[in-house]
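Novice: One file is attached below, target07.txt, containing compact mmCIF, C-alpha atoms and all ligand atoms.
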```txt
# COMPACT_ATOMS: atom_id res chain seq x y z
CA MET A 18 -37.23 -17.73 4.58
CA ALA A 19 -34.30 -18.67 2.26
CA LEU A 20 -31.49 -16.14 2.15
CA LEU A 21 -31.08 -14.37 -1.18
CA PRO A 22 -27.98 -15.86 -2.90
CA GLY A 23 -25.07 -13.45 -2.64
CA LEU A 24 -26.56 -11.39 0.19
CA PRO A 25 -23.91 -12.34 2.84
CA THR A 26 -21.19 -11.21 0.41
CA ARG A 27 -22.86 -7.83 -0.20
CA LYS A 28 -23.53 -7.33 3.52
CA ALA A 29 -19.84 -7.89 4.14
CA ALA A 30 -18.95 -5.48 1.30
CA ARG A 31 -21.28 -2.87 2.85
CA ASP A 32 -19.60 -3.33 6.25
CA LEU A 33 -16.19 -2.83 4.60
CA LEU A 34 -17.40 0.40 2.96
CA ASP A 35 -18.94 1.60 6.20
CA ALA A 36 -15.68 0.95 8.11
CA THR A 37 -13.45 2.67 5.55
CA LEU A 38 -15.63 5.54 4.34
CA GLU A 39 -17.55 6.41 7.51
CA HIS A 40 -14.98 5.48 10.18
CA ARG A 41 -11.70 5.83 8.22
CA LYS A 42 -10.54 2.38 9.23
CA PRO A 43 -7.96 0.63 7.03
CA LEU A 44 -9.58 -1.93 4.72
CA GLU A 45 -7.20 -4.68 5.94
CA GLU A 46 -8.35 -4.08 9.52
CA ALA A 47 -12.02 -4.05 8.46
CA LEU A 48 -11.50 -7.37 6.64
CA GLU A 49 -10.12 -8.93 9.81
CA GLN A 50 -13.23 -7.78 11.68
CA LEU A 51 -15.73 -9.48 9.33
CA PRO A 52 -17.60 -12.37 11.02
CA LYS A 53 -15.39 -15.46 11.33
CA ARG A 54 -18.26 -17.65 10.04
CA LEU A 55 -18.17 -15.92 6.63
CA ASP A 56 -17.12 -18.37 3.91
CA PRO A 57 -13.61 -17.54 2.55
CA ARG A 58 -15.05 -17.22 -0.98
CA ASP A 59 -17.69 -14.73 0.25
CA ARG A 60 -14.97 -12.83 2.09
CA ALA A 61 -12.81 -12.64 -1.06
CA ALA A 62 -15.81 -11.56 -3.15
CA ALA A 63 -16.75 -8.88 -0.59
CA HIS A 64 -13.18 -7.59 -0.67
CA ARG A 65 -13.29 -7.41 -4.49
CA ILE A 66 -16.60 -5.49 -4.50
CA ALA A 67 -15.51 -3.05 -1.77
CA ALA A 68 -12.11 -2.49 -3.43
CA THR A 69 -13.86 -1.77 -6.76
CA VAL A 70 -16.17 0.80 -5.12
CA LEU A 71 -13.20 2.44 -3.35
CA ARG A 72 -11.14 2.58 -6.56
CA ARG A 73 -13.97 4.09 -8.59
CA LEU A 74 -15.88 5.98 -5.89
CA GLY A 75 -15.90 9.37 -7.65
CA SER A 76 -17.13 7.92 -10.95
CA ILE A 77 -19.79 5.75 -9.26
CA ASP A 78 -21.15 8.71 -7.26
CA GLU A 79 -21.16 10.87 -10.40
CA VAL A 80 -23.24 8.28 -12.31
CA LEU A 81 -25.67 7.97 -9.38
CA SER A 82 -26.07 11.69 -8.66
CA PRO A 83 -28.56 12.69 -11.46
CA PHE A 84 -30.96 10.03 -10.15
CA LEU A 85 -30.91 11.22 -6.53
CA ARG A 86 -32.75 14.31 -5.38
CA ARG A 87 -30.96 14.29 -2.04
CA GLU A 88 -28.11 12.35 -0.51
CA PRO A 89 -29.45 9.14 1.16
CA PRO A 90 -28.00 8.02 4.52
CA PRO A 91 -24.85 5.83 4.45
CA PRO A 92 -26.50 2.35 4.54
CA ALA A 93 -28.63 3.20 1.49
CA ARG A 94 -25.77 5.02 -0.23
CA HIS A 95 -23.49 1.99 0.15
CA ALA A 96 -26.19 -0.33 -1.24
CA LEU A 97 -26.47 1.99 -4.26
CA ARG A 98 -22.70 2.11 -4.71
CA ILE A 99 -22.40 -1.67 -4.50
CA GLY A 100 -25.25 -2.13 -6.97
CA ALA A 101 -23.78 0.42 -9.39
CA ALA A 102 -20.30 -1.14 -9.16
CA GLU A 103 -21.76 -4.55 -9.93
CA LEU A 104 -23.79 -3.24 -12.87
CA LEU A 105 -21.10 -1.05 -14.40
CA LEU A 106 -17.76 -2.61 -13.48
CA LEU A 107 -18.16 -6.19 -12.28
CA ASP A 108 -20.39 -7.74 -14.96
CA THR A 109 -23.04 -8.97 -12.50
CA PRO A 110 -26.31 -9.74 -14.39
CA PRO A 111 -28.66 -6.74 -13.86
CA HIS A 112 -31.52 -8.66 -12.17
CA ALA A 113 -29.08 -10.12 -9.61
CA ALA A 114 -27.23 -6.82 -9.00
CA VAL A 115 -30.47 -4.86 -8.49
CA GLY A 116 -32.22 -7.59 -6.47
CA VAL A 117 -29.42 -8.03 -3.98
CA ALA A 118 -28.82 -4.27 -3.56
CA VAL A 119 -32.55 -3.79 -2.83
CA ALA A 120 -32.37 -6.55 -0.18
CA LEU A 121 -29.28 -4.89 1.29
CA ALA A 122 -30.84 -1.42 1.62
CA PRO A 123 -32.78 -0.32 4.74
CA LYS A 124 -36.50 -1.09 4.16
CA ALA A 125 -37.47 2.57 3.85
CA PHE A 126 -35.03 2.96 0.93
CA ALA A 127 -35.70 -0.29 -0.93
CA GLY A 128 -37.99 1.44 -3.47
CA LEU A 129 -35.48 4.21 -4.12
CA VAL A 130 -32.58 1.75 -4.57
CA ASN A 131 -34.68 -0.33 -6.96
CA ALA A 132 -35.71 2.68 -9.07
CA VAL A 133 -32.25 4.27 -9.18
CA LEU A 134 -30.40 1.06 -10.03
CA ARG A 135 -32.83 0.26 -12.84
CA LYS A 136 -31.97 3.63 -14.35
CA VAL A 137 -28.25 2.98 -13.78
CA ALA A 138 -28.59 -0.38 -15.56
CA ALA A 139 -30.12 1.38 -18.59
CA GLU A 140 -28.25 4.68 -18.74
CA GLY A 141 -25.17 4.12 -16.55
CA PRO A 142 -22.78 2.53 -19.07
CA ALA A 143 -23.02 5.53 -21.45
CA ALA A 144 -22.78 7.99 -18.55
CA LEU A 145 -19.67 6.24 -17.22
CA GLU A 146 -18.04 6.32 -20.64
CA GLY A 147 -18.20 10.13 -20.77
CA LEU A 148 -16.57 10.79 -17.39
CA ASP A 149 -13.06 11.98 -16.62
CA ALA A 150 -12.55 8.94 -14.38
CA PRO A 151 -8.91 9.50 -13.27
CA ARG A 152 -9.81 12.98 -12.02
CA LEU A 153 -13.11 11.98 -10.38
CA ASP A 154 -11.66 8.91 -8.68
CA THR A 155 -8.82 10.90 -7.07
CA PRO A 156 -9.68 13.06 -4.03
CA SER A 157 -8.98 16.72 -4.88
CA TRP A 158 -6.30 17.30 -2.26
CA LEU A 159 -4.28 14.34 -3.58
CA TRP A 160 -4.71 15.43 -7.20
CA SER A 161 -3.49 18.98 -6.37
CA SER A 162 -0.54 17.73 -4.34
CA TRP A 163 0.56 15.25 -7.04
CA HIS A 164 0.04 17.84 -9.77
CA ALA A 165 2.29 20.26 -7.87
CA ALA A 166 4.93 17.55 -7.34
CA TYR A 167 4.81 15.58 -10.61
CA GLY A 168 3.09 17.87 -13.15
CA PRO A 169 1.08 16.17 -15.92
CA ALA A 170 2.15 12.69 -14.65
CA VAL A 171 -0.64 13.09 -12.08
CA ARG A 172 -3.03 11.70 -14.71
CA ALA A 173 -0.90 8.58 -15.32
CA ILE A 174 -0.64 8.06 -11.55
CA ALA A 175 -4.43 8.25 -11.20
CA GLU A 176 -4.89 5.89 -14.17
CA ALA A 177 -2.53 3.37 -12.54
CA HIS A 178 -4.88 3.34 -9.52
CA ARG A 179 -7.85 2.06 -11.53
CA GLY A 180 -7.01 -1.65 -11.46
CA PRO A 181 -5.51 -4.20 -9.08
CA ALA A 182 -1.72 -4.48 -8.84
CA PRO A 183 0.30 -7.53 -9.89
CA LEU A 184 1.86 -9.80 -7.27
CA ASP A 185 5.58 -8.98 -6.91
CA LEU A 186 7.96 -11.35 -5.15
CA THR A 187 11.54 -11.00 -3.93
CA PRO A 188 13.53 -14.21 -4.41
CA ALA A 189 15.81 -15.77 -1.81
CA PRO A 190 19.37 -15.94 -3.24
CA GLY A 191 19.60 -18.59 -5.97
CA ALA A 192 15.89 -19.55 -5.90
CA PRO A 193 14.38 -20.49 -9.30
CA PRO A 194 11.40 -18.34 -10.44
CA PRO A 195 7.92 -19.90 -10.53
CA GLU A 196 6.39 -20.69 -13.93
CA GLY A 197 4.94 -17.60 -15.59
CA ALA A 198 7.04 -15.11 -13.58
CA GLU A 199 8.25 -11.98 -15.34
CA ILE A 200 11.78 -11.19 -14.16
CA LEU A 201 12.11 -7.43 -13.63
CA PRO A 202 15.48 -5.70 -14.27
CA THR A 203 15.78 -4.86 -10.56
CA GLY A 204 15.53 -8.58 -9.66
CA SER A 205 11.89 -8.87 -8.51
CA TRP A 206 9.57 -11.52 -9.95
CA ARG A 207 6.18 -10.36 -11.19
CA MET A 208 3.06 -12.58 -11.28
CA THR A 209 -0.33 -11.58 -12.73
CA PRO A 210 -2.89 -9.87 -10.41
CA GLY A 211 -4.94 -12.40 -8.47
CA THR A 212 -2.12 -14.98 -8.14
CA ARG A 213 -2.32 -16.56 -4.68
CA VAL A 214 1.15 -16.57 -3.22
CA THR A 215 0.45 -19.57 -0.97
CA ASP A 216 -0.38 -21.67 -4.07
CA LEU A 217 3.04 -21.11 -5.64
CA PRO A 218 5.57 -23.93 -5.36
CA GLY A 219 8.39 -22.96 -2.99
CA PHE A 220 6.26 -20.70 -0.73
CA ALA A 221 6.32 -23.01 2.31
CA GLU A 222 10.04 -23.65 1.74
CA GLY A 223 10.73 -19.90 1.96
CA ARG A 224 12.11 -19.43 -1.57
CA PHE A 225 10.54 -15.95 -1.93
CA TRP A 226 8.46 -13.34 -0.16
CA VAL A 227 5.78 -10.86 -1.21
CA GLN A 228 7.26 -7.41 -1.78
CA ASP A 229 6.35 -4.76 -4.32
CA ALA A 230 9.15 -4.19 -6.86
CA ALA A 231 9.64 -0.62 -5.56
CA ALA A 232 9.61 -1.72 -1.90
CA ALA A 233 12.63 -3.92 -2.66
CA LEU A 234 14.77 -0.96 -3.79
CA PRO A 235 15.67 0.83 -0.48
CA ALA A 236 17.41 -2.27 0.97
CA LEU A 237 19.11 -2.90 -2.39
CA LEU A 238 20.44 0.68 -2.41
CA LEU A 239 21.76 0.36 1.16
CA LYS A 240 24.14 -2.28 -0.30
CA PRO A 241 24.30 -4.57 2.74
CA LEU A 242 27.52 -6.58 3.13
CA PRO A 243 27.98 -9.97 4.82
CA GLY A 244 28.75 -9.59 8.52
CA GLU A 245 27.79 -5.90 8.76
CA ARG A 246 25.71 -4.90 11.79
CA ILE A 247 22.57 -3.36 10.32
CA ALA A 248 19.45 -2.03 12.07
CA ASP A 249 16.11 -2.25 10.30
CA LEU A 250 14.01 0.31 12.17
CA CYS A 251 10.23 -0.05 11.67
CA ALA A 252 10.66 -3.59 10.42
CA ALA A 253 7.35 -5.51 10.23
CA PRO A 254 6.17 -7.43 8.28
CA GLY A 255 9.82 -7.93 7.43
CA GLY A 256 10.33 -7.69 3.65
CA LYS A 257 13.37 -5.47 4.06
CA THR A 258 14.68 -7.37 7.12
CA ALA A 259 14.60 -10.49 4.92
CA GLN A 260 16.58 -8.76 2.15
CA LEU A 261 19.26 -7.60 4.60
CA ALA A 262 19.50 -11.00 6.32
CA ALA A 263 19.60 -12.81 2.96
CA ALA A 264 22.60 -10.64 2.03
CA GLY A 265 24.41 -12.02 5.10
CA ALA A 266 24.14 -8.95 7.34
CA GLU A 267 23.70 -9.30 11.09
CA VAL A 268 20.29 -7.66 11.36
CA THR A 269 18.55 -6.09 14.36
CA ALA A 270 14.88 -5.58 13.45
CA VAL A 271 13.04 -3.00 15.58
CA GLU A 272 9.24 -2.91 15.54
CA ARG A 273 6.87 -1.18 17.94
CA ASP A 274 3.58 -3.02 17.39
CA PRO A 275 3.41 -6.42 19.20
CA HIS A 276 1.00 -7.96 16.65
CA ARG A 277 3.28 -6.93 13.83
CA VAL A 278 6.29 -8.29 15.74
CA ALA A 279 4.53 -11.69 15.68
CA ARG A 280 4.05 -11.41 11.89
CA LEU A 281 7.69 -10.43 11.45
CA SER A 282 8.82 -13.50 13.46
CA GLU A 283 6.52 -15.83 11.47
CA ASN A 284 7.77 -14.47 8.14
CA LEU A 285 11.43 -14.81 9.08
CA ALA A 286 10.80 -18.36 10.38
CA ARG A 287 9.20 -19.37 7.05
CA LEU A 288 12.15 -17.84 5.18
CA ARG A 289 14.66 -19.47 7.59
CA LEU A 290 16.46 -16.13 7.87
CA PRO A 291 18.02 -14.93 11.14
CA ALA A 292 17.52 -11.52 12.80
CA THR A 293 17.48 -10.18 16.34
CA ILE A 294 13.98 -8.85 16.89
CA VAL A 295 13.45 -5.97 19.32
CA GLN A 296 9.98 -4.75 20.25
CA ALA A 297 10.50 -1.04 20.91
CA ASP A 298 9.72 2.49 19.78
CA ALA A 299 12.65 3.18 17.48
CA ALA A 300 12.45 6.91 18.30
CA ALA A 301 13.22 6.17 21.97
CA TRP A 302 15.32 2.97 21.77
CA THR A 303 19.02 2.96 22.69
CA PRO A 304 21.00 0.23 20.91
CA PRO A 305 23.76 -1.66 22.78
CA ALA A 306 26.30 -0.49 20.15
CA LEU A 307 26.34 1.79 17.10
CA PHE A 308 25.49 0.24 13.69
CA ASP A 309 27.45 0.03 10.43
CA ALA A 310 24.26 0.82 8.51
CA ILE A 311 20.59 1.56 9.13
CA LEU A 312 17.45 1.15 7.07
CA LEU A 313 14.66 3.44 8.24
CA ASP A 314 11.45 2.48 6.43
CA ALA A 315 9.39 5.01 8.31
CA PRO A 316 5.62 4.81 8.92
CA CYS A 317 3.81 7.09 6.46
CA THR A 318 0.43 7.85 4.90
CA ALA A 319 1.14 5.12 2.31
CA THR A 320 -0.32 7.16 -0.57
CA GLY A 321 2.16 5.30 -2.81
CA THR A 322 0.27 2.04 -2.22
CA ILE A 323 -3.23 3.02 -3.41
CA ARG A 324 -3.19 0.34 -6.16
CA ARG A 325 -2.99 -2.30 -3.41
CA HIS A 326 -4.87 -0.34 -0.72
CA PRO A 327 -7.59 1.75 -2.44
CA ASP A 328 -8.97 2.75 0.98
CA VAL A 329 -5.91 4.97 1.55
CA ALA A 330 -7.23 7.54 -0.96
CA HIS A 331 -10.33 8.01 1.22
CA THR A 332 -9.08 7.42 4.77
CA LYS A 333 -6.14 9.85 4.73
CA ARG A 334 -6.36 13.63 5.07
CA PRO A 335 -3.79 16.43 4.65
CA ARG A 336 -3.34 16.62 8.43
CA ASP A 337 -2.24 12.95 8.39
CA VAL A 338 0.60 13.91 6.02
CA GLN A 339 1.75 16.57 8.48
CA ALA A 340 1.60 14.18 11.46
CA ALA A 341 3.45 11.44 9.54
CA ALA A 342 6.18 13.88 8.44
CA GLU A 343 6.71 14.95 12.05
CA ALA A 344 6.99 11.33 13.25
CA GLN A 345 9.42 10.60 10.41
CA ALA A 346 11.61 13.57 11.41
CA ARG A 347 11.78 12.23 15.00
CA LEU A 348 12.72 8.76 13.76
CA LEU A 349 15.36 10.17 11.40
CA ALA A 350 16.98 12.11 14.26
CA ALA A 351 16.98 8.99 16.46
CA ALA A 352 18.43 6.85 13.64
CA ALA A 353 21.24 9.35 13.04
CA GLY A 354 22.31 8.89 16.67
CA MET A 355 22.51 5.07 16.28
CA LEU A 356 24.99 5.18 13.39
CA LYS A 357 28.81 4.80 13.53
CA PRO A 358 30.76 7.73 12.08
CA GLY A 359 30.92 7.07 8.32
CA GLY A 360 28.00 4.62 8.58
CA ARG A 361 25.23 4.52 5.93
CA LEU A 362 21.56 5.25 6.38
CA VAL A 363 18.75 4.79 3.88
CA PHE A 364 15.53 6.61 4.74
CA ALA A 365 12.43 5.44 2.87
CA THR A 366 8.65 6.00 2.81
CA CYS A 367 5.91 4.53 0.60
CA SER A 368 4.22 7.92 0.21
CA LEU A 369 3.86 10.11 -2.89
CA GLN A 370 3.68 13.22 -0.73
CA PRO A 371 6.90 15.32 -0.94
CA GLU A 372 6.47 16.34 2.73
CA GLU A 373 7.21 12.69 3.59
CA GLY A 374 10.11 12.41 1.15
CA GLU A 375 12.13 15.18 -0.46
CA ALA A 376 11.37 17.61 2.40
CA HIS A 377 13.48 15.52 4.81
CA LEU A 378 16.68 16.15 2.80
CA ALA A 379 17.03 19.68 4.13
CA ARG A 380 16.61 18.48 7.73
CA ALA A 381 19.22 15.73 7.54
CA ALA A 382 22.24 18.06 7.39
CA GLY A 383 21.35 19.42 10.84
CA LEU A 384 21.49 15.84 12.17
CA GLY A 385 25.09 15.27 11.06
CA LEU A 386 23.97 13.30 7.99
CA VAL A 387 25.63 13.93 4.62
CA HIS A 388 23.50 13.15 1.57
CA ASP A 389 25.05 10.35 -0.55
CA PRO A 390 23.15 10.60 -3.86
CA PHE A 391 22.10 7.45 -5.73
CA ARG A 392 23.59 7.11 -9.20
CA VAL A 393 21.56 5.88 -12.18
CA GLU A 394 24.04 2.97 -12.65
CA GLU A 395 23.04 1.63 -9.21
CA LEU A 396 19.54 0.83 -10.43
CA PRO A 397 19.67 -1.12 -13.71
CA GLY A 398 16.59 -0.75 -15.87
CA LEU A 399 15.00 2.05 -13.87
CA PRO A 400 16.90 5.29 -14.61
CA GLU A 401 13.71 7.38 -14.45
CA ALA A 402 13.36 6.57 -10.74
CA ILE A 403 16.52 8.47 -9.76
CA THR A 404 15.82 12.20 -9.39
CA ALA A 405 18.17 15.04 -10.33
CA ALA A 406 19.01 15.37 -6.60
CA GLY A 407 20.00 11.67 -6.43
CA CYS A 408 16.95 10.40 -4.54
CA LEU A 409 14.77 7.41 -5.42
CA ARG A 410 11.26 8.37 -6.49
CA THR A 411 9.13 5.56 -7.91
CA ARG A 412 5.53 6.10 -9.02
CA PRO A 413 2.56 3.79 -9.67
CA ASP A 414 2.67 4.65 -13.39
CA MET A 415 6.26 3.45 -13.88
CA ARG A 416 7.21 0.20 -15.64
CA GLY A 417 3.88 -1.59 -15.64
CA GLY A 418 3.17 -0.33 -12.11
CA MET A 419 5.08 -0.05 -8.87
CA ASP A 420 4.39 1.44 -5.46
CA GLY A 421 5.26 5.11 -5.01
CA PHE A 422 8.41 5.10 -2.87
CA PHE A 423 10.85 7.77 -1.80
CA ALA A 424 14.36 6.89 -0.58
CA ALA A 425 17.55 8.82 0.13
CA ARG A 426 20.94 7.63 1.35
CA PHE A 427 23.10 9.44 3.89
CA ARG A 428 26.47 8.96 5.60
CA ARG A 429 27.07 9.99 9.16
CA ALA A 430 29.76 12.65 9.22
CA ALA A 431 33.04 11.22 10.61
C1 LIG B 1 6.16 0.97 6.42
S1 LIG B 1 5.94 -0.24 7.62
C2 LIG B 1 7.42 -1.12 7.50
C3 LIG B 1 7.47 -2.16 6.43
C4 LIG B 1 8.70 -3.04 6.56
N1 LIG B 1 9.92 -2.25 6.64
C5 LIG B 1 8.84 -4.05 5.45
O1 LIG B 1 9.59 -3.83 4.52
O2 LIG B 1 8.18 -5.09 5.54
C6 LIG B 1 6.18 0.66 9.06
C7 LIG B 1 6.27 -0.18 10.34
O3 LIG B 1 6.78 0.67 11.36
C8 LIG B 1 6.17 0.35 12.58
N2 LIG B 1 6.39 1.54 13.44
C9 LIG B 1 5.72 2.72 13.41
N3 LIG B 1 6.26 3.58 14.29
C10 LIG B 1 7.30 2.94 14.88
C11 LIG B 1 8.24 3.30 15.87
N4 LIG B 1 8.22 4.52 16.41
N5 LIG B 1 9.17 2.40 16.25
C12 LIG B 1 9.20 1.16 15.68
N6 LIG B 1 8.32 0.76 14.74
C13 LIG B 1 7.39 1.63 14.35
C14 LIG B 1 4.75 0.07 12.21
O4 LIG B 1 4.10 -0.71 13.20
C15 LIG B 1 4.95 -0.68 10.88
O5 LIG B 1 5.04 -2.07 11.11
```
Would you mind writing the structure in this file as structure tokens?
Specialist:
Amino acid sequence: MALLPGLPTRKAARDLLDATLEHRKPLEEALEQLPKRLDPRDRAAAHRIAATVLRRLGSIDEVLSPFLRREPPPPARHALRIGAAELLLLDTPPHAAVGVAVALAPKAFAGLVNAVLRKVAAEGPAALEGLDAPRLDTPSWLWSSWHAAYGPAVRAIAEAHRGPAPLDLTPAPGAPPPEGAEILPTGSWRMTPGTRVTDLPGFAEGRFWVQDAAAALPALLLKPLPGERIADLCAAPGGKTAQLAAAGAEVTAVERDPHRVARLSENLARLRLPATIVQADAAAWTPPALFDAILLDAPCTATGTIRRHPDVAHTKRPRDVQAAAEAQARLLAAAAGMLKPGGRLVFATCSLQPEEGEAHLARAAGLGLVHDPFRVEELPGLPEAITAAGCLRTRPDMRGGMDGFFAARFRRAA
């Protein structure tokens, strides 16, 4: 029997939803585990469908709920979500969206999926229109935490999560921007969402690397100087290592995960930038000599990257914030001990949770670190990202969209 056109794509999208929503696996990891035989176009389409469902999960479930008497099991629920996303958000013709979702559902639920999606096709667009989408599409614990931290801006943050992010690039010194690039005041280049970086002229020659505009700021604010000995702790895939090396610093890049060490090496090779790579747990590693400066881009819940990784909103829980904050505190204490007296340290996380950012300020003093506040003049074109306490706090709703980053700079007491 001939396979229904589009079915392999939807099966892959269902597997991605199952991995992220039922097993809390990162979407990137789930993508890597899709069958190797899947056509790259089907893989890309499956990613787009799954990402749309994850971005708009609350709204999609709300539209579906009046048509369901009880919650169907996950395989049927995902078929319904995929069908609804295609009907309401992805402009798939109704007969195709319904037909393929019915084929995707377990046999016992095919009738239900058919009946519900026909109703969604007829009544769904009006129902969707009337919803408070930013609120529904943000898990409650994240909404409450961001409301407590950022007040009414929580709504703008949630709105920024509704669509895909642009492609931001950091240029190698002196490299010319590609055609169509918007040059941001902080020096990043911005390309429209969907641009494939490998298609841009200069990629193979290492003239730029992918890095969100906000992710480029911590290394910028460390102010690396040529010849300085700088440690980049937690370094892969190497965006910040590349910035430090491109500034002429002598960089030691420490990364714990062997697979990510390989990615770090490949990226630096493409960029033709030197660094000493050490595979180690930065919390336990003893350097051969103290450093002039350290960048600690600590592992975190990554709730600042939901535009690029919509799975994060559904895979993380409050207890993950607590665990990440504890790991960050251990890494900060270890980093403080690797710094020369008077040396600089920038601590950064790509999380919007204050426990993984501002809360570390109070701890640093006990580690012999003196807070060295950022000044607005250090960040041209982005004064709103410097807080009253002199920390960096970017948000997804700022300046056409940027990752939510926290950073603070310290000096080791002499
Ligand atoms: C936020 S990412 C770093 C991104 C990187 N700085 C960049 O700009 O491309 C965090 C990295 O820290 C690594 N990591 C986590 N815990 C670590 C530890 N204890 N020691 C060293 N690396 C660690 C993770 O494997 C991950 O690659």
Novice: Excluding Lys42 in chain A and its own-chain neighbours fewer than 4 positions away, which residues fall within 10 Å of it when counting all atoms listed in the file? Please give them as number ranges by chain.
Specialist: A: 33-38, 46-47, 328-329, 331-333
Novice: Hey, can you check how far CA of Thr187 in chain A sits from CA of Arg224 in chain A?
Specialist: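 Separation of CA of Thr187 in chain A and CA of Arg224 in chain A: 8.8 Å.
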Novice: Pick out the residues no farther than 7 Å from ligand LIG 1 (chain B), counting all atoms listed in the file, and list them as a VMD selection string.
Specialist: chain A and resid 232 250 to 258 271 to 274 277 297 to 300 314 to 317 348 366 to 367
Novice: Measure the distance from CA of Arg86 in chain A to CA of Val133 in chain A in Å and round it to one decimal.
Specialist: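 For CA of Arg86 in chain A relative to CA of Val133 in chain A, the distance reads 10.7 Å.
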Novice: Just give me the residues with any atom within 12 Å of (-16.1, 8.2, -5.3), file coordinates, counting all atoms listed in the file, written as a PyMOL selection string.
Specialist: chain A and resi 34+38+67-82+94-95+98-99+101-102+150-157+327-328+330-331
